[in-house]
>>> print(open('final-v7.json').read())   # JSON, C-alpha atoms and all ligand atoms
[["chain", "number", "residue", "atom", "x", "y", "z"],
["A", 1, "MET", "CA", 11.23, 16.27, -14.98],
["A", 2, "MET", "CA", 11.93, 16.37, -11.25],
["A", 3, "ARG", "CA", 8.38, 16.16, -9.86],
["A", 4, "TYR", "CA", 9.42, 14.20, -6.76],
["A", 5, "THR", "CA", 12.15, 16.36, -5.26],
["A", 6, "ASP", "CA", 11.63, 16.29, -1.45],
["A", 7, "LYS", "CA", 8.79, 13.75, -1.84],
["A", 8, "ARG", "CA", 8.79, 10.67, 0.41],
["A", 9, "VAL", "CA", 7.23, 7.67, -1.27],
["A", 10, "VAL", "CA", 6.24, 4.14, -0.27],
["A", 11, "VAL", "CA", 5.93, 1.58, -3.06],
["A", 12, "THR", "CA", 4.39, -1.79, -2.18],
["A", 13, "GLY", "CA", 5.39, -4.65, -4.45],
["A", 14, "GLY", "CA", 8.56, -2.65, -4.99],
["A", 15, "ALA", "CA", 10.78, -5.70, -5.48],
["A", 16, "SER", "CA", 9.51, -6.53, -8.96],
["A", 17, "GLY", "CA", 7.67, -5.54, -12.12],
["A", 18, "ILE", "CA", 5.51, -2.41, -12.07],
["A", 19, "GLY", "CA", 6.44, -1.53, -8.46],
["A", 20, "LEU", "CA", 10.17, -1.72, -9.14],
["A", 21, "ALA", "CA", 9.86, 0.24, -12.41],
["A", 22, "THR", "CA", 7.81, 2.90, -10.58],
["A", 23, "ALA", "CA", 10.43, 3.16, -7.84],
["A", 24, "ARG", "CA", 13.15, 3.58, -10.46],
["A", 25, "ARG", "CA", 11.15, 6.30, -12.23],
["A", 26, "LEU", "CA", 10.32, 8.22, -9.04],
["A", 27, "PHE", "CA", 13.94, 8.01, -7.87],
["A", 28, "ALA", "CA", 15.04, 9.54, -11.18],
["A", 29, "GLU", "CA", 12.55, 12.35, -10.50],
["A", 30, "GLY", "CA", 14.04, 13.05, -7.07],
["A", 31, "ALA", "CA", 12.04, 10.90, -4.61],
["A", 32, "THR", "CA", 13.16, 9.25, -1.41],
["A", 33, "LEU", "CA", 11.63, 5.77, -1.37],
["A", 34, "ALA", "CA", 10.71, 2.85, 0.87],
["A", 35, "LEU", "CA", 10.16, -0.34, -1.12],
["A", 36, "VAL", "CA", 7.86, -2.75, 0.72],
["A", 37, "ASP", "CA", 7.53, -6.36, -0.39],
["A", 38, "LEU", "CA", 6.82, -9.84, 0.92],
["A", 39, "ASP", "CA", 10.16, -10.68, -0.68],
["A", 40, "ILE", "CA", 12.41, -8.72, 1.68],
["A", 41, "ASP", "CA", 15.60, -9.79, -0.10],
["A", 42, "GLY", "CA", 14.10, -8.65, -3.39],
["A", 43, "ALA", "CA", 13.07, -5.32, -1.87],
["A", 44, "ARG", "CA", 16.59, -4.77, -0.52],
["A", 45, "ARG", "CA", 18.15, -5.88, -3.81],
["A", 46, "GLY", "CA", 15.85, -3.52, -5.73],
["A", 47, "ALA", "CA", 16.66, -0.65, -3.39],
["A", 48, "GLY", "CA", 20.41, -1.28, -3.79],
["A", 49, "ALA", "CA", 20.12, -1.49, -7.57],
["A", 50, "ILE", "CA", 18.33, 1.87, -7.72],
["A", 51, "ASP", "CA", 20.45, 3.68, -5.13],
["A", 52, "ALA", "CA", 23.69, 1.90, -4.23],
["A", 53, "SER", "CA", 24.42, 4.58, -1.60],
["A", 54, "GLY", "CA", 21.31, 3.53, 0.37],
["A", 55, "VAL", "CA", 20.69, 7.19, 1.22],
["A", 56, "ARG", "CA", 17.44, 7.65, -0.69],
["A", 57, "VAL", "CA", 16.03, 4.13, -1.16],
["A", 58, "ALA", "CA", 15.51, 1.37, 1.42],
["A", 59, "GLY", "CA", 13.85, -2.05, 1.22],
["A", 60, "TYR", "CA", 11.40, -3.39, 3.82],
["A", 61, "GLY", "CA", 9.72, -6.77, 4.23],
["A", 62, "ALA", "CA", 5.99, -7.03, 4.96],
["A", 63, "ASN", "CA", 2.95, -9.03, 3.96],
["A", 64, "VAL", "CA", 0.47, -6.37, 2.80],
["A", 65, "ALA", "CA", -2.42, -8.76, 3.51],
["A", 66, "ASP", "CA", -1.57, -8.55, 7.22],
["A", 67, "SER", "CA", -2.94, -5.29, 8.62],
["A", 68, "ALA", "CA", -0.64, -5.27, 11.68],
["A", 69, "ALA", "CA", 2.40, -5.80, 9.44],
["A", 70, "VAL", "CA", 1.22, -2.93, 7.22],
["A", 71, "THR", "CA", 0.87, -0.59, 10.19],
["A", 72, "ASN", "CA", 4.33, -1.51, 11.46],
["A", 73, "VAL", "CA", 6.12, -1.20, 8.16],
["A", 74, "LEU", "CA", 4.51, 2.16, 7.37],
["A", 75, "ARG", "CA", 5.55, 3.43, 10.80],
["A", 76, "SER", "CA", 9.16, 2.34, 10.12],
["A", 77, "ALA", "CA", 9.11, 3.91, 6.65],
["A", 78, "GLU", "CA", 7.66, 7.17, 8.00],
["A", 79, "GLU", "CA", 10.33, 7.32, 10.71],
["A", 80, "TRP", "CA", 13.11, 6.63, 8.22],
["A", 81, "MET", "CA", 11.92, 9.17, 5.62],
["A", 82, "GLY", "CA", 10.53, 11.75, 8.06],
["A", 83, "GLY", "CA", 7.04, 11.49, 6.56],
["A", 84, "ILE", "CA", 5.06, 9.94, 3.72],
["A", 85, "ASP", "CA", 3.75, 12.06, 0.84],
["A", 86, "VAL", "CA", 2.87, 9.42, -1.76],
["A", 87, "VAL", "CA", 2.01, 5.70, -1.74],
["A", 88, "VAL", "CA", 1.94, 3.47, -4.81],
["A", 89, "ASN", "CA", 0.18, 0.18, -4.02],
["A", 90, "SER", "CA", 1.50, -2.28, -6.57],
["A", 91, "ALA", "CA", 1.80, -5.49, -4.52],
["A", 92, "GLY", "CA", -0.47, -8.15, -5.92],
["A", 93, "ILE", "CA", -0.85, -11.66, -7.24],
["A", 94, "ILE", "CA", -2.66, -13.08, -10.24],
["A", 95, "ALA", "CA", -5.03, -16.03, -10.13],
["A", 96, "ARG", "CA", -6.24, -18.30, -12.90],
["A", 97, "GLY", "CA", -8.85, -20.98, -13.26],
["A", 98, "ALA", "CA", -12.62, -21.27, -13.57],
["A", 99, "ILE", "CA", -14.90, -20.82, -10.55],
["A", 100, "GLY", "CA", -15.25, -24.58, -10.13],
["A", 101, "GLU", "CA", -11.49, -24.83, -9.64],
["A", 102, "THR", "CA", -11.30, -21.92, -7.17],
["A", 103, "SER", "CA", -11.28, -23.02, -3.51],
["A", 104, "ASP", "CA", -12.49, -20.80, -0.66],
["A", 105, "GLU", "CA", -8.89, -20.45, 0.41],
["A", 106, "ALA", "CA", -7.72, -19.39, -3.07],
["A", 107, "TRP", "CA", -10.55, -16.83, -3.27],
["A", 108, "ARG", "CA", -9.69, -15.34, 0.13],
["A", 109, "ARG", "CA", -5.97, -15.23, -0.62],
["A", 110, "VAL", "CA", -6.49, -13.15, -3.78],
["A", 111, "VAL", "CA", -9.03, -10.82, -2.16],
["A", 112, "ASP", "CA", -6.77, -10.36, 0.89],
["A", 113, "ILE", "CA", -3.61, -9.61, -1.09],
["A", 114, "ASP", "CA", -5.09, -7.69, -4.03],
["A", 115, "LEU", "CA", -7.91, -5.76, -2.32],
["A", 116, "SER", "CA", -7.84, -5.77, 1.50],
["A", 117, "SER", "CA", -4.17, -4.74, 1.43],
["A", 118, "MET", "CA", -5.09, -1.47, -0.28],
["A", 119, "PHE", "CA", -7.60, -0.73, 2.48],
["A", 120, "TYR", "CA", -5.02, -1.55, 5.19],
["A", 121, "VAL", "CA", -2.40, 0.70, 3.57],
["A", 122, "ALA", "CA", -4.79, 3.64, 3.09],
["A", 123, "ARG", "CA", -6.07, 3.38, 6.66],
["A", 124, "ALA", "CA", -2.54, 3.20, 8.07],
["A", 125, "VAL", "CA", -1.02, 5.95, 5.94],
["A", 126, "ALA", "CA", -3.83, 8.53, 6.18],
["A", 127, "PRO", "CA", -2.64, 9.92, 9.58],
["A", 128, "ALA", "CA", 0.91, 10.47, 8.22],
["A", 129, "MET", "CA", -0.48, 12.23, 5.16],
["A", 130, "ARG", "CA", -2.75, 14.34, 7.35],
["A", 131, "ARG", "CA", 0.32, 15.37, 9.37],
["A", 132, "ALA", "CA", 2.03, 16.30, 6.08],
["A", 133, "GLY", "CA", -1.11, 18.28, 5.14],
["A", 134, "ARG", "CA", -1.42, 16.52, 1.78],
["A", 135, "GLY", "CA", -0.88, 13.23, 0.04],
["A", 136, "ALA", "CA", -1.48, 11.01, -2.96],
["A", 137, "ILE", "CA", -2.30, 7.32, -3.15],
["A", 138, "VAL", "CA", -2.07, 5.38, -6.40],
["A", 139, "ASN", "CA", -3.63, 1.92, -6.41],
["A", 140, "VAL", "CA", -2.65, -0.52, -9.14],
["A", 141, "ALA", "CA", -5.93, -2.14, -10.24],
["A", 142, "SER", "CA", -6.36, -3.93, -13.60],
["A", 143, "VAL", "CA", -8.60, -3.89, -16.65],
["A", 144, "ALA", "CA", -9.74, -7.25, -15.25],
["A", 145, "GLY", "CA", -11.61, -5.15, -12.68],
["A", 146, "SER", "CA", -13.80, -3.73, -15.46],
["A", 147, "VAL", "CA", -13.98, -6.50, -18.08],
["A", 148, "GLY", "CA", -14.18, -10.23, -17.49],
["A", 149, "ALA", "CA", -10.96, -11.82, -18.68],
["A", 150, "VAL", "CA", -8.97, -13.74, -16.13],
["A", 151, "ASN", "CA", -10.38, -15.20, -12.91],
["A", 152, "ALA", "CA", -13.36, -14.47, -10.65],
["A", 153, "ALA", "CA", -11.38, -13.67, -7.51],
["A", 154, "TYR", "CA", -8.91, -11.49, -9.39],
["A", 155, "ALA", "CA", -11.69, -9.63, -11.26],
["A", 156, "ALA", "CA", -13.69, -9.09, -8.08],
["A", 157, "ALA", "CA", -10.64, -7.91, -6.14],
["A", 158, "LYS", "CA", -9.55, -5.49, -8.88],
["A", 159, "GLY", "CA", -13.09, -4.20, -9.37],
["A", 160, "GLY", "CA", -13.09, -3.69, -5.62],
["A", 161, "VAL", "CA", -9.87, -1.68, -5.87],
["A", 162, "ILE", "CA", -11.51, 0.68, -8.36],
["A", 163, "ALA", "CA", -14.56, 1.11, -6.08],
["A", 164, "LEU", "CA", -12.39, 1.48, -2.96],
["A", 165, "THR", "CA", -10.35, 4.14, -4.76],
["A", 166, "ARG", "CA", -13.45, 6.24, -5.45],
["A", 167, "GLN", "CA", -14.64, 5.90, -1.85],
["A", 168, "LEU", "CA", -11.22, 6.83, -0.43],
["A", 169, "ALA", "CA", -10.99, 9.81, -2.80],
["A", 170, "ASN", "CA", -14.29, 11.02, -1.40],
["A", 171, "GLU", "CA", -13.42, 10.38, 2.21],
["A", 172, "LEU", "CA", -9.84, 11.67, 2.24],
["A", 173, "SER", "CA", -10.44, 14.73, 0.07],
["A", 174, "THR", "CA", -11.06, 16.87, 3.15],
["A", 175, "ASP", "CA", -7.41, 16.25, 4.10],
["A", 176, "SER", "CA", -6.13, 17.13, 0.60],
["A", 177, "ILE", "CA", -5.27, 13.50, -0.04],
["A", 178, "ARG", "CA", -5.86, 12.40, -3.64],
["A", 179, "VAL", "CA", -6.60, 8.75, -4.41],
["A", 180, "ASN", "CA", -6.57, 7.28, -7.91],
["A", 181, "SER", "CA", -6.08, 3.92, -9.56],
["A", 182, "VAL", "CA", -4.34, 2.78, -12.70],
["A", 183, "SER", "CA", -5.66, -0.20, -14.64],
["A", 184, "PRO", "CA", -2.94, -1.86, -16.68],
["A", 185, "GLY", "CA", -3.74, -4.37, -19.39],
["A", 186, "PHE", "CA", -1.22, -7.07, -20.24],
["A", 187, "THR", "CA", 2.14, -5.84, -19.03],
["A", 188, "ALA", "CA", 5.33, -7.83, -19.47],
["A", 189, "THR", "CA", 6.45, -8.56, -15.90],
["A", 190, "PRO", "CA", 7.34, -11.67, -13.88],
["A", 191, "LEU", "CA", 3.61, -11.90, -13.01],
["A", 192, "ASN", "CA", 2.78, -13.30, -16.44],
["A", 193, "GLN", "CA", 6.17, -14.76, -17.37],
["A", 194, "GLU", "CA", 4.59, -18.23, -17.38],
["A", 195, "LEU", "CA", 1.89, -17.19, -19.86],
["A", 196, "ARG", "CA", 4.43, -15.53, -22.12],
["A", 197, "ALA", "CA", 6.82, -18.48, -21.86],
["A", 198, "ALA", "CA", 3.95, -20.81, -22.85],
["A", 199, "GLY", "CA", 3.81, -18.98, -26.18],
["A", 200, "SER", "CA", 0.46, -17.22, -25.66],
["A", 201, "GLU", "CA", 1.87, -13.71, -25.92],
["A", 202, "ALA", "CA", 1.42, -13.36, -29.69],
["A", 203, "ALA", "CA", -2.20, -14.57, -29.54],
["A", 204, "TRP", "CA", -3.05, -12.06, -26.83],
["A", 205, "ALA", "CA", -1.03, -9.28, -28.47],
["A", 206, "ASN", "CA", -3.15, -9.79, -31.59],
["A", 207, "ARG", "CA", -6.21, -8.74, -29.57],
["A", 208, "ILE", "CA", -4.55, -5.59, -28.28],
["A", 209, "PRO", "CA", -5.04, -2.62, -30.64],
["A", 210, "LEU", "CA", -1.46, -1.43, -30.07],
["A", 211, "GLY", "CA", -0.35, -4.98, -30.93],
["A", 212, "ARG", "CA", 1.88, -5.73, -27.95],
["A", 213, "PHE", "CA", 2.10, -6.14, -24.20],
["A", 214, "GLY", "CA", 2.82, -2.97, -22.24],
["A", 215, "LEU", "CA", 6.12, -2.39, -20.47],
["A", 216, "ALA", "CA", 6.41, -1.97, -16.70],
["A", 217, "GLU", "CA", 7.98, 1.42, -17.45],
["A", 218, "GLU", "CA", 4.82, 2.51, -19.30],
["A", 219, "ILE", "CA", 2.67, 1.77, -16.25],
["A", 220, "ALA", "CA", 5.30, 3.39, -14.01],
["A", 221, "ALA", "CA", 4.90, 6.58, -16.06],
["A", 222, "VAL", "CA", 1.16, 6.60, -15.29],
["A", 223, "CYS", "CA", 1.78, 5.98, -11.56],
["A", 224, "ALA", "CA", 4.36, 8.78, -11.59],
["A", 225, "PHE", "CA", 1.84, 11.16, -13.17],
["A", 226, "LEU", "CA", -1.04, 10.31, -10.80],
["A", 227, "GLY", "CA", 1.19, 10.63, -7.73],
["A", 228, "SER", "CA", 2.64, 13.96, -8.82],
["A", 229, "ASP", "CA", 1.42, 17.54, -8.63],
["A", 230, "ASP", "CA", 0.79, 17.34, -12.40],
["A", 231, "ALA", "CA", -2.35, 15.46, -11.32],
["A", 232, "SER", "CA", -3.21, 17.98, -8.58],
["A", 233, "TYR", "CA", -6.86, 18.29, -9.73],
["A", 234, "ILE", "CA", -7.39, 14.57, -10.31],
["A", 235, "THR", "CA", -8.87, 12.31, -7.67],
["A", 236, "GLY", "CA", -11.16, 9.28, -7.73],
["A", 237, "ILE", "CA", -10.37, 8.19, -11.29],
["A", 238, "ASP", "CA", -9.24, 4.91, -12.80],
["A", 239, "LEU", "CA", -6.72, 5.57, -15.56],
["A", 240, "VAL", "CA", -6.66, 2.71, -18.03],
["A", 241, "ALA", "CA", -3.32, 1.90, -19.67],
["A", 242, "ASP", "CA", -3.96, -1.22, -21.74],
["A", 243, "GLY", "CA", -2.97, -0.48, -25.33],
["A", 244, "GLY", "CA", -6.67, -0.19, -26.17],
["A", 245, "LEU", "CA", -7.56, -3.73, -25.05],
["A", 246, "SER", "CA", -10.73, -2.77, -23.17],
["A", 247, "ALA", "CA", -11.80, -0.11, -25.67],
["A", 248, "VAL", "CA", -12.55, -2.44, -28.56],
["A", 249, "ALA", "CA", -14.08, -5.84, -29.23],
["A", 250, "ARG", "CA", -11.66, -7.73, -31.42],
["A", 251, "PRO", "CA", -12.39, -11.40, -31.84],
["A", 252, "ASP", "CA", -9.67, -13.52, -33.44],
["A", 253, "TYR", "CA", -11.34, -13.43, -36.88],
["A", 254, "ILE", "CA", -11.19, -9.65, -37.22],
["A", 255, "PRO", "CA", -7.71, -8.42, -38.11],
["A", 256, "ALA", "CA", -6.34, -5.14, -36.77],
["A", 257, "GLY", "CA", -7.57, -2.03, -38.60],
["A", 258, "ALA", "CA", -10.26, -3.93, -40.50],
["A", 259, "ALA", "CA", -13.06, -4.00, -37.98],
["A", 260, "MET", "CA", -15.48, -2.39, -40.48],
["A", 261, "GLY", "CA", -14.60, -4.85, -43.26],
["A", 262, "GLY", "CA", -13.60, -2.15, -45.75],
["A", 263, "TYR", "CA", -16.61, 0.07, -45.01],
["A", 264, "GLN", "CA", -15.79, 3.50, -46.46],
["A", 265, "GLY", "CA", -18.55, 5.67, -45.02],
["A", 266, "VAL", "CA", -22.10, 6.66, -45.98],
["A", 267, "ARG", "CA", -22.92, 5.68, -49.60],
["A", 268, "GLN", "CA", -24.46, 8.44, -51.73],
["A", 301, "LIG", "N1", 1.57, -7.57, -15.26],
["A", 301, "LIG", "C1", 0.33, -7.40, -15.69],
["A", 301, "LIG", "O1", -0.02, -7.78, -16.82],
["A", 301, "LIG", "C2", -0.67, -6.69, -14.82],
["A", 301, "LIG", "C3", -1.88, -6.28, -15.40],
["A", 301, "LIG", "C4", -2.83, -5.64, -14.63],
["A", 301, "LIG", "C5", -2.57, -5.38, -13.29],
["A", 301, "LIG", "N2", -1.40, -5.78, -12.74],
["A", 301, "LIG", "C6", -1.18, -5.50, -11.32],
["A", 301, "LIG", "O2", 0.04, -4.81, -11.16],
["A", 301, "LIG", "C7", 0.53, -5.05, -9.85],
["A", 301, "LIG", "C8", 2.01, -5.40, -9.95],
["A", 301, "LIG", "O3", 2.14, -6.59, -10.70],
["A", 301, "LIG", "P1", 3.45, -6.95, -11.51],
["A", 301, "LIG", "O4", 3.03, -7.30, -12.88],
["A", 301, "LIG", "O5", 4.48, -5.92, -11.30],
["A", 301, "LIG", "O6", 3.83, -8.33, -10.78],
["A", 301, "LIG", "P2", 5.17, -8.83, -10.09],
["A", 301, "LIG", "O7", 4.89, -10.24, -9.70],
["A", 301, "LIG", "O8", 6.34, -8.54, -10.96],
["A", 301, "LIG", "O9", 5.27, -7.91, -8.78],
["A", 301, "LIG", "C9", 4.38, -8.04, -7.71],
["A", 301, "LIG", "C10", 5.15, -7.86, -6.42],
["A", 301, "LIG", "O10", 4.22, -7.93, -5.33],
["A", 301, "LIG", "C11", 4.82, -8.67, -4.29],
["A", 301, "LIG", "N3", 3.80, -9.28, -3.44],
["A", 301, "LIG", "C12", 2.96, -10.29, -3.74],
["A", 301, "LIG", "N4", 2.22, -10.60, -2.67],
["A", 301, "LIG", "C13", 2.58, -9.76, -1.67],
["A", 301, "LIG", "C14", 2.17, -9.61, -0.32],
["A", 301, "LIG", "N5", 1.23, -10.38, 0.22],
["A", 301, "LIG", "N6", 2.77, -8.64, 0.42],
["A", 301, "LIG", "C15", 3.73, -7.84, -0.11],
["A", 301, "LIG", "N7", 4.16, -7.96, -1.39],
["A", 301, "LIG", "C16", 3.60, -8.91, -2.15],
["A", 301, "LIG", "C17", 5.64, -9.74, -5.00],
["A", 301, "LIG", "O11", 6.64, -10.28, -4.15],
["A", 301, "LIG", "C18", 6.21, -8.95, -6.17],
["A", 301, "LIG", "O12", 7.46, -8.35, -5.84],
["A", 301, "LIG", "C19", -0.33, -6.17, -9.25],
["A", 301, "LIG", "O13", -1.26, -5.59, -8.36],
["A", 301, "LIG", "C20", -1.03, -6.75, -10.47],
["A", 301, "LIG", "O14", -2.28, -7.33, -10.16],
["A", 301, "LIG", "C21", -0.43, -6.42, -13.48]]
>>> encode(input="final-v7.json", output="structure tokens", more="lines below")
Ligand SMILES: NC(=O)c1ccc[n+]([C@@H]2O[C@H](COP(=O)([O-])OP(=O)(O)OC[C@H]3O[C@@H](n4cnc5c(N)ncnc54)[C@H](O)[C@@H]3O)[C@@H](O)[C@H]2O)c1
Amino acid sequence: MMRYTDKRVVVTGGASGIGLATARRLFAEGATLALVDLDIDGARRGAGAIDASGVRVAGYGANVADSAAVTNVLRSAEEWMGGIDVVVNSAGIIARGAIGETSDEAWRRVVDIDLSSMFYVARAVAPAMRRAGRGAIVNVASVAGSVGAVNAAYAAAKGGVIALTRQLANELSTDSIRVNSVSPGFTATPLNQELRAAGSEAAWANRIPLGRFGLAEEIAAVCAFLGSDDASYITGIDLVADGGLSAVARPDYIPAGAAMGGYQGVRQ
């Protein structure tokens, strides 16, 4: 599949995890890419690893929670690529801890980085997409935005991303700009390396109907679909890719495939 030939794409959070895997996938499908990350060395390293020639992939440093930095970096990326057709917003941080342990500062940091950033990027990129006459924005949300699982700030920010996505889809539709989100469940990336290293992966995997964490490449495939013309009639949706986690209630005492306790159907 070469769905991204002649497409110019910005990936935030492109230095690591889902962002990096998405950049790799889109490059393989023909895209020219600007990887934007707080970790500028990581963004440049990622760009070099994907395209050693440096012709089709470049790394940029910017804090996506800083609206002026977002405007500047998108201007640079647009100049370098000659336009912007697609944005994948993957930059984000996780937060843990109960509400009593969450300071005002910690709350604001998560909301700024995980939610406000997506507003800043959409606002800054819309003019470039209007000039191109079309565009697609893919926001990486989380199942934590729909089901309580992790942390209040993270859940609120990700729920906000899903709501923001719908609003942007409505507002930008007149300019043929599609806006969708993807909600990953547990995905094996550096974001949750600590949790996996602490030995909790098997316990969580047991609650996931597909029995394992997702791969960054599996979320990248969803981002690649939503950003492509294959999704030309899709806007304003949240596509859940969580191995079934949010579709079922599976407490620890119910093993996989036995949720009905051997129930065979209606007795005659
Ligand atoms: N891994 C999961 O299980 C999971 C599940 C659901 C949603 N998500 C979401 O997926 C997205 C990507 O996460 P990941 O798992 O690839 O994590 P990751 O830590 O591997 O990558 C996140 C990237 O974002 C960058 N970043 C962080 N703050 C930034 C800032 N202020 N400005 C610019 N860049 C910044 C980091 O430097 C890093 O390169 C995040 O939005 C995360 O919330 C991840």
>>> residues_around(input="final-v7.json", residues="A:Gly133", least_positions_apart="4", cutoff="12 Å", atoms="all atoms listed in the file", output="list of chain:residue names")
A:Gly83, A:Ile84, A:Asp85, A:Val86, A:Ala126, A:Pro127, A:Ala128, A:Met129, A:Leu172, A:Ser173, A:Thr174, A:Asp175, A:Ser176, A:Ile177, A:Arg178
>>> residues_near_ligand(input="final-v7.json", ligand="ligand LIG 301 (chain A)", cutoff="6 Å", atoms="only C-alpha atoms and all ligand atoms", output="ChimeraX atom specification")
/A:13-19,37-39,62-65,90-94,113,140-142,184-192
>>> closest_residue(input="final-v7.json", among="A:Gly61, A:Gly82, A:Gly97, A:Gly148", to="A:Thr32", atoms="all atoms listed in the file")
A:Gly82
>>> closest_residue(input="final-v7.json", among="A:Ile40, A:Ile237, A:Val143, A:Ala224", to="A:Lys7", atoms="only C-alpha atoms")
A:Ala224
>>> atom_distance(input="final-v7.json", atom1="atom CA of A:Arg45", atom2="atom CA of A:Thr12")
14.4 Å
>>> atom_distance(input="final-v7.json", atom1="atom CA of A:Ala21", atom2="atom CA of A:Glu218")
8.8 Å
>>> closest_residue(input="final-v7.json", among="A:Leu115, A:Val121, A:Val88, A:Val9", to="A:Asn180", atoms="only C-alpha atoms")
A:Val88
>>> closest_residue(input="final-v7.json", among="A:Val240, A:Leu245, A:Leu164, A:Val55", to="A:Arg207", atoms="all atoms listed in the file")
A:Leu245
>>> residues_around(input="final-v7.json", residues="A:Trp107", least_positions_apart="5", cutoff="10 Å", atoms="all atoms listed in the file", output="number ranges by chain")
A: 95, 99, 102, 112, 151-154, 156-157
>>> closest_residue(input="final-v7.json", among="A:Ser246, A:Ala205, A:Ala220, A:Gly159", to="A:Arg24", atoms="only C-alpha atoms")
A:Ala220
>>> atom_distance(input="final-v7.json", atom1="atom CA of A:Val147", atom2="atom CA of A:Phe119")
22.3 Å
>>> residues_around(input="final-v7.json", residues="A:Val179", least_positions_apart="5", cutoff="12 Å", atoms="only C-alpha atoms", output="ChimeraX atom specification")
/A:86-89,118-119,122,126,129,134-140,161-174,223,226-228,231-239
>>> closest_residue(input="final-v7.json", among="A:Gly54, A:Arg3, A:Ala144, A:Thr71", to="A:Arg96", atoms="only C-alpha atoms")
A:Ala144
>>> axis_aligned_box(input="final-v7.json", around="stretch 159-167 of chain A", padding_each_side="5 Å", output="JSON")
{"center_x": -12.3, "center_y": 1.0, "center_z": -5.6, "size_x": 14.8, "size_y": 20.4, "size_z": 17.5}
